[in-house]
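Undergrad: First, the structure itself, so that you have it in front of you.
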Amino acid sequence: MSGTDGGEATRRRTAAPPCVVVTHDPTPEVRGAYRRELGARCELLFLPDLAPADRNAALARASALIAWNPRIEIGAADVHAMTSLGFVQLMTAGVDHVPLHLFPRDVPIASNAGVFAGPMAEFALAMTLAAAKRLPVEHREMRDGRFNQFAVNRTLDGAVCAILGFGGVGRAAAWLFGALGAEIYAINRSGKTDEKVAFIGTLAALRTALDAADVVLVSLSLTGATAGLIGARELGWMKDDAILVNVARGEIVDQDALYRHLVDNGRFFACLESWWIEPVRHGEFRIEHPFLDLPNVIAAPHNSASVPGAHLDAVRSGARNVRRWLDGEAPRNLLGADERGA
């Protein structure tokens, strides 16, 4: 071996490993998952463990950052101290509540999109079936002494399910709805998919999907292009007895328009798991209209992803994406310009 080659080998052996900083305070089980996924590949630091005097030095060494809720875990001064930052991994699937402006525009940011797809798709199907089978309606009727044995309920066999947002949740839902015989009309950014669907288009084809749909599932990311996407006009395109299911973000649907539509169309059903003002994103739960008093509403507290092991699955998924970046591979779920507010 030449002296030059030997010197290069020595530098590789003595080079400090990349530093990955986790900003949230994980449980022992979660810490163990982080260490199993990343410990052999980097210097792994947990920011809540660091003394104030050591914090800036650690942040200055950080090559990658892992955050669950940066809004409360770090501040602008922390980001300014990250002079070596090359990648940010967010542990949540939705990122609209994250102050992305804190991070330099040239630093790639990845979400954890799709990590909760399975349980969220199950939840969407459960809410849809509850509405189609009139379960909350007939529960109230029976409580009041009415036994409507011959009231007609609906089947998903042969129904059209329009899925707005055909990412991980949308595709998982398509599989479940399709297994019950529903036809899938999908809307995504590209207008293309390898999945078996009856129709695929971009938002430009929204009316085609809504006109045909018996069920409309909203699983889009909240961006400038999707905020207020479903308003009075779009609700008017839907069938009088359509079922609208929102497991994405409340802000995608116009709250005033939806309430008026539900009051004026008793056969229309809304299954709302996502709300306009929520505790995690806004510090409180608040609605401007009494949706919970309407017989054609099924409500849930944005808990579709809250199944045993979900938190740990999210950590493993996010940590593996960081490892991809450390290994020189392209990370998954990188945020586009629309999601970053460009």
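Residues in the structure tokens are named by chain (A, B, ... in the order shown) and by number from 1 within that chain; ligands are numbered from 1 in the order shown.
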Enumerate as a PyMOL selection string all residues of region 211-265 of chain A assigned to alpha helix (DSSP H) by DSSP on the backbone, naming them with the chain letters and numbers the document uses.
TA: chain A and resi 211-212+232-237+255-264
Undergrad: What residues in region 92-330 of chain A get the DSSP label strand (DSSP E or B)? Please answer as a PyMOL selection string.
TA: chain A and resi 109-110+160-164+183-187+199-201+215-218+230+243-246+253+269-272+277+286+297-299
Undergrad: Considering only C-alpha atoms, tabulate each residue of region 128-166 of chain A that lies at most 12 Å from region 101-123 of chain A along with its nearest interatomic pair and the corresponding distance in Å to one decimal; arrange the rows by chain and ascending residue number and present them as a Markdown table.
TA:
| residue | atom | partner | partner_atom | distance |
| --- | --- | --- | --- | --- |
| A:Thr128 | CA | A:Phe123 | CA | 8.5 |
| A:Leu129 | CA | A:Phe123 | CA | 9.9 |
| A:Ala130 | CA | A:Phe123 | CA | 10.5 |
| A:Ile163 | CA | A:Ala121 | CA | 11.1 |
| A:Gly165 | CA | A:Gly114 | CA | 11.5 |
| A:Phe166 | CA | A:Gly114 | CA | 10.4 |
Undergrad: Write out, as a PDB file, in the first residue's frame, the residues just selected, with all heavy atoms.
TA:
ATOM      1  N   THR A 128     -67.218   4.599   6.978  1.00  0.00           N
ATOM      2  CA  THR A 128     -68.055   4.499   5.784  1.00  0.00           C
ATOM      3  C   THR A 128     -69.149   3.457   5.971  1.00  0.00           C
ATOM      4  O   THR A 128     -70.322   3.697   5.642  1.00  0.00           O
ATOM      5  CB  THR A 128     -67.190   4.142   4.566  1.00  0.00           C
ATOM      6  OG1 THR A 128     -66.193   5.142   4.378  1.00  0.00           O
ATOM      7  CG2 THR A 128     -68.038   4.037   3.308  1.00  0.00           C
ATOM      8  N   LEU A 129     -68.770   2.292   6.478  1.00  0.00           N
ATOM      9  CA  LEU A 129     -69.765   1.238   6.680  1.00  0.00           C
ATOM     10  C   LEU A 129     -70.803   1.641   7.721  1.00  0.00           C
ATOM     11  O   LEU A 129     -71.991   1.331   7.579  1.00  0.00           O
ATOM     12  CB  LEU A 129     -69.073  -0.060   7.084  1.00  0.00           C
ATOM     13  CG  LEU A 129     -68.319  -0.786   5.963  1.00  0.00           C
ATOM     14  CD1 LEU A 129     -67.507  -1.937   6.536  1.00  0.00           C
ATOM     15  CD2 LEU A 129     -69.294  -1.288   4.908  1.00  0.00           C
ATOM     16  N   ALA A 130     -70.363   2.326   8.765  1.00  0.00           N
ATOM     17  CA  ALA A 130     -71.317   2.782   9.780  1.00  0.00           C
ATOM     18  C   ALA A 130     -72.349   3.712   9.168  1.00  0.00           C
ATOM     19  O   ALA A 130     -73.543   3.654   9.508  1.00  0.00           O
ATOM     20  CB  ALA A 130     -70.577   3.476  10.917  1.00  0.00           C
ATOM     21  N   ILE A 163     -61.271   8.467  -4.154  1.00  0.00           N
ATOM     22  CA  ILE A 163     -60.221   8.666  -3.157  1.00  0.00           C
ATOM     23  C   ILE A 163     -59.384   9.857  -3.590  1.00  0.00           C
ATOM     24  O   ILE A 163     -58.671   9.795  -4.601  1.00  0.00           O
ATOM     25  CB  ILE A 163     -59.360   7.413  -2.986  1.00  0.00           C
ATOM     26  CG1 ILE A 163     -60.235   6.227  -2.546  1.00  0.00           C
ATOM     27  CG2 ILE A 163     -58.248   7.660  -1.976  1.00  0.00           C
ATOM     28  CD1 ILE A 163     -59.485   4.928  -2.371  1.00  0.00           C
ATOM     29  N   GLY A 165     -56.364  11.876  -3.041  1.00  0.00           N
ATOM     30  CA  GLY A 165     -55.067  11.684  -2.396  1.00  0.00           C
ATOM     31  C   GLY A 165     -54.733  10.213  -2.415  1.00  0.00           C
ATOM     32  O   GLY A 165     -55.221   9.447  -1.584  1.00  0.00           O
ATOM     33  N   PHE A 166     -53.938   9.787  -3.398  1.00  0.00           N
ATOM     34  CA  PHE A 166     -53.704   8.358  -3.585  1.00  0.00           C
ATOM     35  C   PHE A 166     -52.292   7.978  -3.168  1.00  0.00           C
ATOM     36  O   PHE A 166     -51.550   7.327  -3.887  1.00  0.00           O
ATOM     37  CB  PHE A 166     -53.973   7.985  -5.051  1.00  0.00           C
ATOM     38  CG  PHE A 166     -54.483   6.580  -5.244  1.00  0.00           C
ATOM     39  CD1 PHE A 166     -55.605   6.149  -4.555  1.00  0.00           C
ATOM     40  CD2 PHE A 166     -53.855   5.707  -6.104  1.00  0.00           C
ATOM     41  CE1 PHE A 166     -56.085   4.856  -4.719  1.00  0.00           C
ATOM     42  CE2 PHE A 166     -54.312   4.415  -6.282  1.00  0.00           C
ATOM     43  CZ  PHE A 166     -55.431   3.987  -5.591  1.00  0.00           C
TER      44      PHE A 166
END
Undergrad: Find the spatial neighbours of region 131-147 of chain A, counting only C-alpha atoms, within a cut-off of 9 Å - ignore same-chain residues fewer than 3 positions away - and output them as an MDAnalysis selection string.
TA: chainID A and resid 126:128 150 152:156 243 269:271 295:298
Undergrad: Can you write out the residues you just picked, keeping N, CA and C atoms, as a PDB file, in the first residue's frame?
TA:
ATOM      1  N   ALA A 126     -64.387   1.704   8.330  1.00  0.00           N
ATOM      2  CA  ALA A 126     -65.330   1.535   9.438  1.00  0.00           C
ATOM      3  C   ALA A 126     -66.341   2.677   9.472  1.00  0.00           C
ATOM      4  N   MET A 127     -65.877   3.902   9.313  1.00  0.00           N
ATOM      5  CA  MET A 127     -66.790   5.044   9.324  1.00  0.00           C
ATOM      6  C   MET A 127     -67.744   4.982   8.130  1.00  0.00           C
ATOM      7  N   THR A 128     -67.218   4.599   6.978  1.00  0.00           N
ATOM      8  CA  THR A 128     -68.055   4.499   5.784  1.00  0.00           C
ATOM      9  C   THR A 128     -69.149   3.457   5.971  1.00  0.00           C
ATOM     10  N   PHE A 150     -87.314  -2.661   8.374  1.00  0.00           N
ATOM     11  CA  PHE A 150     -87.349  -2.682   6.914  1.00  0.00           C
ATOM     12  C   PHE A 150     -86.773  -1.409   6.282  1.00  0.00           C
ATOM     13  N   VAL A 152     -84.048   0.629   4.535  1.00  0.00           N
ATOM     14  CA  VAL A 152     -83.036   0.174   3.592  1.00  0.00           C
ATOM     15  C   VAL A 152     -81.666   0.754   3.964  1.00  0.00           C
ATOM     16  N   ASN A 153     -80.663  -0.117   4.002  1.00  0.00           N
ATOM     17  CA  ASN A 153     -79.294   0.365   4.140  1.00  0.00           C
ATOM     18  C   ASN A 153     -78.553   0.101   2.838  1.00  0.00           C
ATOM     19  N   ARG A 154     -77.276   0.427   2.784  1.00  0.00           N
ATOM     20  CA  ARG A 154     -76.545   0.408   1.524  1.00  0.00           C
ATOM     21  C   ARG A 154     -75.369  -0.559   1.562  1.00  0.00           C
ATOM     22  N   THR A 155     -74.986  -1.021   0.395  1.00  0.00           N
ATOM     23  CA  THR A 155     -73.822  -1.897   0.251  1.00  0.00           C
ATOM     24  C   THR A 155     -72.732  -1.170  -0.533  1.00  0.00           C
ATOM     25  N   LEU A 156     -71.502  -1.541  -0.273  1.00  0.00           N
ATOM     26  CA  LEU A 156     -70.389  -0.992  -1.045  1.00  0.00           C
ATOM     27  C   LEU A 156     -70.104  -1.808  -2.297  1.00  0.00           C
ATOM     28  N   ILE A 243     -71.500   9.782   0.760  1.00  0.00           N
ATOM     29  CA  ILE A 243     -70.850   9.730   2.071  1.00  0.00           C
ATOM     30  C   ILE A 243     -69.474  10.364   1.923  1.00  0.00           C
ATOM     31  N   PHE A 269     -74.141  12.148   4.100  1.00  0.00           N
ATOM     32  CA  PHE A 269     -73.492  11.788   5.364  1.00  0.00           C
ATOM     33  C   PHE A 269     -72.064  12.300   5.368  1.00  0.00           C
ATOM     34  N   ALA A 270     -71.615  12.814   6.500  1.00  0.00           N
ATOM     35  CA  ALA A 270     -70.219  13.208   6.674  1.00  0.00           C
ATOM     36  C   ALA A 270     -69.614  12.432   7.833  1.00  0.00           C
ATOM     37  N   CYS A 271     -68.481  11.794   7.585  1.00  0.00           N
ATOM     38  CA  CYS A 271     -67.726  11.073   8.604  1.00  0.00           C
ATOM     39  C   CYS A 271     -66.445  11.860   8.837  1.00  0.00           C
ATOM     40  N   PRO A 295     -77.844  14.327  12.800  1.00  0.00           N
ATOM     41  CA  PRO A 295     -77.969  12.865  12.711  1.00  0.00           C
ATOM     42  C   PRO A 295     -77.162  12.258  11.564  1.00  0.00           C
ATOM     43  N   ASN A 296     -76.754  13.079  10.610  1.00  0.00           N
ATOM     44  CA  ASN A 296     -76.017  12.569   9.452  1.00  0.00           C
ATOM     45  C   ASN A 296     -74.520  12.884   9.541  1.00  0.00           C
ATOM     46  N   VAL A 297     -74.011  12.909  10.776  1.00  0.00           N
ATOM     47  CA  VAL A 297     -72.582  13.088  11.020  1.00  0.00           C
ATOM     48  C   VAL A 297     -72.082  11.987  11.947  1.00  0.00           C
ATOM     49  N   ILE A 298     -70.952  11.394  11.587  1.00  0.00           N
ATOM     50  CA  ILE A 298     -70.218  10.497  12.481  1.00  0.00           C
ATOM     51  C   ILE A 298     -68.900  11.183  12.807  1.00  0.00           C
TER      52      ILE A 298
END
Undergrad: With a distance cut-off of 12 Å and only C-alpha atoms, select the neighbouring residues of Asp327 (chain A), excluding the residue or stretch itself and same-chain residues fewer than 3 positions from it, and output the selection as JSON, numbers by chain.
TA: {"A": [18, 38, 41, 42, 320, 321, 322, 323, 324, 330, 331]}
Undergrad: Could you check which of A:Thr23, A:Thr226, A:Gln89, A:Thr83 is closest to Arg71 (chain A), using only C-alpha atoms?
TA: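 Once distances to Arg71 (chain A) are computed over only C-alpha atoms, the minimum belongs to A:Thr23.
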Undergrad: Find the residue from A:Ala33, A:Leu222, A:Leu326, A:Ala182 that sits nearest to Ser63 (chain A); use only C-alpha atoms when measuring.
TA: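 Smallest distance to Ser63 (chain A) is found for A:Leu326.
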Undergrad: Counting only C-alpha atoms, what is within 7 Å of Ala60 (chain A), bar same-chain residues fewer than 6 positions away, as a count of residues only?
TA: 4
